[in-house]
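A short worksheet on the structure shown next.
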Amino acid sequence: LRRAALEKAGSDAVTADGKRIQVFANIGRPADLETALQNGAEGIGLFRTEFLYLENDHWPTEEEQADAYAKVLKAFEGKPVVIRTLDIGGDKDLPYADLPTEENPFLGHRAIRFCLSNPEIFKTQLRALLRAGVHGDLWIMFPMVENVSEIREAKSLLEEARSELEKEGHAVAQQPKVGIMIEVPAAAVTADVLAKEVDFMSIGTNDLTQYTLAADRGNERVAPLYDAAHPAVLRLVRQTCDAARQEGIITGMCGELAGDPKMTEVLVGLGLDELSMSAGTIPEVKENVRRIETAPARTLADEALTKSDPVEIRSLSGK
Ligand code: PEP
Ligand code: MG
């Protein structure tokens, strides 16, 4: 019985009318791999790399990083592994880095902003990624992007890293996919422009929700306002999926909303191609996908976008 359940968990998630939805896992360190595989993850939709920096007493070296990335790529044997570049700043501090305190850290110098102004630190990570990428299907993802110049700058550092490595005689990933997280409202609203620069986009609803609803994701006092199923967030999700489809690229979601089983039908109806979540919810979300038909899901999502609050939206799929 256990074997049958595992086999079922491992099989693809295809809607009743034949649309494949890729169901991936979010992981925070290589040790999470086992659970992801056991639960039937078809890939990794978000590998948060902060652990390398936070659980350390020095900037992680290229070798230390390449080892960690290679472990995950090897374990997934050619299936997609989306590795997110460093998302530091905000509420995360590095004892060895002496980062200045900011009054509004979530609106401050975090993630891609930090990386672009610290190119040496960023390039060490990009070099490690390119080296590890020979072991599998590497997708590189930049967090907190809000404009085209950031993407171009990051891509040019990636190219610099590649040519350095090649000159030094290292083997490097030939064609890693390069994408961005959509977690700032500005990025969702201009997704049509950003989509032209990348191979994929993945919606980070945890941050997108806090920025759209002006509700700090960690502040208990505004927790009742913080709900990713808010129609304003869902409208941004629809806008992003439509823009990606126009450009022929895929849209994933790797924020917590992706793993909310009550929202699977709405999310498929909004146009997402890939959902990435904590491993534990993968089997249930896959089961949901198999019951869905895309046309009614689209109608349901259209209806969700007309609602005024998240409670109404969550109750829709229960009908
Ligand atoms: C997000 O913001 O939705 C996300 C997945 O990134 P993190 O939770 O690491 O900020
Ligand atoms: Mg985020």
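Following the order of the structure tokens, chains are lettered A, B, ..., residues in each are numbered from 1, and ligands are numbered from 1.
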Filtered DSSP result for stretch 10-91 of chain A, state helix (DSSP H, G or I), as a ChimeraX atom specification: /A:10,30-38,50-54,62-75
Keeping only N, CA and C atoms, take the residues you just selected and write them out as a JSON list (two decimals), in the first residue's frame.
[["chain", "number", "residue", "atom", "x", "y", "z"],
["A", 10, "GLY", "N", 4.68, 9.96, -6.95],
["A", 10, "GLY", "CA", 5.76, 10.21, -7.89],
["A", 10, "GLY", "C", 5.30, 10.48, -9.31],
["A", 30, "PRO", "N", 20.37, 21.18, 1.37],
["A", 30, "PRO", "CA", 20.40, 19.87, 0.73],
["A", 30, "PRO", "C", 19.75, 18.76, 1.57],
["A", 31, "ALA", "N", 19.77, 18.92, 2.91],
["A", 31, "ALA", "CA", 19.17, 17.89, 3.77],
["A", 31, "ALA", "C", 17.66, 17.73, 3.52],
["A", 32, "ASP", "N", 17.02, 18.71, 2.92],
["A", 32, "ASP", "CA", 15.57, 18.61, 2.66],
["A", 32, "ASP", "C", 15.24, 17.77, 1.43],
["A", 33, "LEU", "N", 16.28, 17.35, 0.72],
["A", 33, "LEU", "CA", 16.08, 16.63, -0.54],
["A", 33, "LEU", "C", 15.26, 15.37, -0.41],
["A", 34, "GLU", "N", 15.63, 14.59, 0.61],
["A", 34, "GLU", "CA", 15.00, 13.29, 0.83],
["A", 34, "GLU", "C", 13.47, 13.42, 0.89],
["A", 35, "THR", "N", 13.02, 14.32, 1.76],
["A", 35, "THR", "CA", 11.56, 14.52, 1.92],
["A", 35, "THR", "C", 10.94, 14.97, 0.60],
["A", 36, "ALA", "N", 11.63, 15.82, -0.12],
["A", 36, "ALA", "CA", 11.09, 16.31, -1.39],
["A", 36, "ALA", "C", 10.88, 15.14, -2.35],
["A", 37, "LEU", "N", 11.91, 14.28, -2.44],
["A", 37, "LEU", "CA", 11.81, 13.14, -3.36],
["A", 37, "LEU", "C", 10.73, 12.15, -2.92],
["A", 38, "GLN", "N", 10.68, 11.89, -1.59],
["A", 38, "GLN", "CA", 9.68, 10.95, -1.08],
["A", 38, "GLN", "C", 8.26, 11.41, -1.36],
["A", 50, "GLU", "N", 20.12, 30.94, 1.26],
["A", 50, "GLU", "CA", 20.55, 31.75, 2.41],
["A", 50, "GLU", "C", 21.27, 30.94, 3.48],
["A", 51, "PHE", "N", 20.91, 29.65, 3.64],
["A", 51, "PHE", "CA", 21.54, 28.86, 4.71],
["A", 51, "PHE", "C", 23.07, 28.88, 4.61],
["A", 52, "LEU", "N", 23.58, 28.91, 3.37],
["A", 52, "LEU", "CA", 25.03, 28.91, 3.17],
["A", 52, "LEU", "C", 25.67, 30.14, 3.79],
["A", 53, "TYR", "N", 24.93, 31.23, 3.80],
["A", 53, "TYR", "CA", 25.45, 32.50, 4.28],
["A", 53, "TYR", "C", 25.12, 32.70, 5.77],
["A", 54, "LEU", "N", 23.91, 32.24, 6.17],
["A", 54, "LEU", "CA", 23.45, 32.50, 7.54],
["A", 54, "LEU", "C", 24.10, 31.56, 8.55],
["A", 62, "GLU", "N", 33.43, 29.65, -3.17],
["A", 62, "GLU", "CA", 32.90, 29.07, -4.41],
["A", 62, "GLU", "C", 32.77, 27.54, -4.27],
["A", 63, "GLU", "N", 33.79, 26.91, -3.68],
["A", 63, "GLU", "CA", 33.77, 25.44, -3.54],
["A", 63, "GLU", "C", 32.64, 24.99, -2.63],
["A", 64, "GLU", "N", 32.52, 25.67, -1.46],
["A", 64, "GLU", "CA", 31.46, 25.29, -0.52],
["A", 64, "GLU", "C", 30.10, 25.38, -1.20],
["A", 65, "GLN", "N", 29.91, 26.44, -1.96],
["A", 65, "GLN", "CA", 28.62, 26.62, -2.61],
["A", 65, "GLN", "C", 28.41, 25.60, -3.72],
["A", 66, "ALA", "N", 29.43, 25.43, -4.57],
["A", 66, "ALA", "CA", 29.29, 24.51, -5.70],
["A", 66, "ALA", "C", 28.94, 23.10, -5.20],
["A", 67, "ASP", "N", 29.53, 22.69, -4.07],
["A", 67, "ASP", "CA", 29.23, 21.37, -3.50],
["A", 67, "ASP", "C", 27.76, 21.23, -3.15],
["A", 68, "ALA", "N", 27.24, 22.25, -2.46],
["A", 68, "ALA", "CA", 25.84, 22.22, -2.02],
["A", 68, "ALA", "C", 24.90, 22.20, -3.24],
["A", 69, "TYR", "N", 25.18, 23.02, -4.23],
["A", 69, "TYR", "CA", 24.30, 23.08, -5.41],
["A", 69, "TYR", "C", 24.37, 21.76, -6.20],
["A", 70, "ALA", "N", 25.60, 21.22, -6.31],
["A", 70, "ALA", "CA", 25.76, 19.98, -7.08],
["A", 70, "ALA", "C", 25.00, 18.82, -6.43],
["A", 71, "LYS", "N", 24.98, 18.79, -5.09],
["A", 71, "LYS", "CA", 24.26, 17.72, -4.38],
["A", 71, "LYS", "C", 22.81, 17.67, -4.83],
["A", 72, "VAL", "N", 22.20, 18.85, -4.89],
["A", 72, "VAL", "CA", 20.78, 18.92, -5.23],
["A", 72, "VAL", "C", 20.57, 18.57, -6.71],
["A", 73, "LEU", "N", 21.41, 19.12, -7.56],
["A", 73, "LEU", "CA", 21.27, 18.85, -9.00],
["A", 73, "LEU", "C", 21.45, 17.36, -9.30],
["A", 74, "LYS", "N", 22.41, 16.74, -8.63],
["A", 74, "LYS", "CA", 22.64, 15.30, -8.86],
["A", 74, "LYS", "C", 21.45, 14.49, -8.39],
["A", 75, "ALA", "N", 20.93, 14.82, -7.19],
["A", 75, "ALA", "CA", 19.82, 14.05, -6.64],
["A", 75, "ALA", "C", 18.60, 14.12, -7.55]]
Name each residue within 6 Å of ligand 2, counting only C-alpha atoms and all ligand atoms, as a VMD selection string. chain A and resid 204 206 to 207
Can I get the selection written as an mmCIF file, in the first residue's frame, with C-alpha atoms?
data_model
loop_
_atom_site.group_PDB
_atom_site.id
_atom_site.type_symbol
_atom_site.label_atom_id
_atom_site.label_comp_id
_atom_site.auth_asym_id
_atom_site.auth_seq_id
_atom_site.Cartn_x
_atom_site.Cartn_y
_atom_site.Cartn_z
ATOM 1 C CA GLY A 204 6.823 34.771 -4.676
ATOM 2 C CA ASN A 206 4.989 35.783 0.463
ATOM 3 C CA ASP A 207 6.642 39.060 -0.444
#
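Around ligand 1, the neighbouring residues within 7 Å, taking only C-alpha atoms and all ligand atoms, come to Arg48, Glu183, Ile203, Gly204, Thr205, Asn206, Asp207, Leu208, Cys254, Gly255 and Glu256 of chain A.
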So that I can check the surroundings of stretch 151-167 of chain A, please list as a PDB file with C-alpha atoms, in the first residue's frame every protein, DNA and RNA residue that reaches within 9 Å of it, counting only C-alpha atoms and ignoring chain neighbours fewer than 5 positions away.
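Output below, filename result-v5.pdb:
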ATOM      1  CA  ILE A 112      19.255  41.477  -5.995  1.00  0.00           C
ATOM      2  CA  CYS A 115      24.019  41.477  -4.886  1.00  0.00           C
ATOM      3  CA  LEU A 116      24.372  44.037  -7.652  1.00  0.00           C
ATOM      4  CA  PRO A 119      29.490  42.157  -7.408  1.00  0.00           C
ATOM      5  CA  PHE A 122      27.477  37.862  -6.218  1.00  0.00           C
ATOM      6  CA  LYS A 123      29.983  36.602  -8.780  1.00  0.00           C
ATOM      7  CA  THR A 124      31.307  33.989  -6.359  1.00  0.00           C
ATOM      8  CA  LEU A 126      27.281  32.788  -9.966  1.00  0.00           C
ATOM      9  CA  ARG A 127      30.574  30.987 -10.581  1.00  0.00           C
ATOM     10  CA  LEU A 130      27.752  27.621 -13.319  1.00  0.00           C
ATOM     11  CA  ARG A 131      30.238  25.023 -12.122  1.00  0.00           C
ATOM     12  CA  PHE A 142      17.068  36.326  -9.180  1.00  0.00           C
ATOM     13  CA  VAL A 145      13.702  42.159  -9.248  1.00  0.00           C
ATOM     14  CA  GLU A 146      11.704  45.251 -10.107  1.00  0.00           C
ATOM     15  CA  VAL A 172      30.462  25.118 -16.921  1.00  0.00           C
ATOM     16  CA  ALA A 173      26.715  24.698 -17.429  1.00  0.00           C
ATOM     17  CA  VAL A 178      17.693  32.370 -16.209  1.00  0.00           C
ATOM     18  CA  GLY A 179      14.597  33.726 -14.514  1.00  0.00           C
ATOM     19  CA  ILE A 180      13.252  36.127 -11.942  1.00  0.00           C
ATOM     20  CA  LEU A 194      10.402  41.838 -17.874  1.00  0.00           C
ATOM     21  CA  GLU A 197      14.465  39.343 -20.787  1.00  0.00           C
ATOM     22  CA  VAL A 198      14.118  35.946 -19.109  1.00  0.00           C
TER      23      VAL A 198
END
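Note that DSSP on the backbone gives strand (DSSP E or B) to these residues of stretch 71-248 of chain A: A:Pro80, A:Val81, A:Val82, A:Ile83, A:Arg84, A:Gly89, A:Lys92, A:Asp137, A:Leu138, A:Trp139, A:Ile140, A:Met141, A:Phe142, A:Lys177, A:Val178, A:Gly179, A:Ile180, A:Met181, A:Ile182, A:Phe200, A:Met201, A:Ser202, A:Ile203.
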Preceding selection exported with C-alpha atoms as a CSV table (one decimal), in the first residue's frame:
chain,number,residue,atom,x,y,z
A,80,PRO,CA,14.6,21.1,-13.2
A,81,VAL,CA,16.3,22.6,-10.1
A,82,VAL,CA,15.6,26.3,-9.6
A,83,ILE,CA,18.3,27.9,-7.4
A,84,ARG,CA,17.6,31.3,-6.1
A,89,GLY,CA,18.9,42.0,3.8
A,92,LYS,CA,18.1,38.5,7.7
A,137,ASP,CA,19.2,20.9,-15.2
A,138,LEU,CA,20.0,24.3,-13.6
A,139,TRP,CA,17.6,27.2,-13.5
A,140,ILE,CA,19.1,30.4,-12.0
A,141,MET,CA,16.6,32.7,-10.3
A,142,PHE,CA,17.1,36.3,-9.2
A,177,LYS,CA,17.7,28.9,-17.7
A,178,VAL,CA,17.7,32.4,-16.2
A,179,GLY,CA,14.6,33.7,-14.5
A,180,ILE,CA,13.3,36.1,-11.9
A,181,MET,CA,10.9,36.1,-9.0
A,182,ILE,CA,7.9,38.2,-9.2
A,200,PHE,CA,10.9,31.9,-16.8
A,201,MET,CA,9.2,33.8,-13.9
A,202,SER,CA,8.2,32.5,-10.5
A,203,ILE,CA,5.8,34.4,-8.3
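Note that the spacing between atom CA of A:Arg20 and atom CA of A:Glu312 amounts to 27.5 Å.
For stretch 233-240 of chain A, the non-local neighbours within 6 Å, defined as residues at least 6 positions apart in the same chain or in other chains and counting only C-alpha atoms, are A:Ala188, A:Ala191, A:Leu270.
The smallest atom-to-atom distance between A:Tyr96 and any of A:Ser276, A:Asn147, A:Asn56, A:Thr61, using only C-alpha atoms, is found for A:Asn56.
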Extract, using only C-alpha atoms, all DNA, RNA and protein residues at most 6 Å from stretch 222-228 of chain A, discarding same-chain residues fewer than 3 positions from it, and format them as a list in words. Thr209, Ala215 and Asn219 of chain A
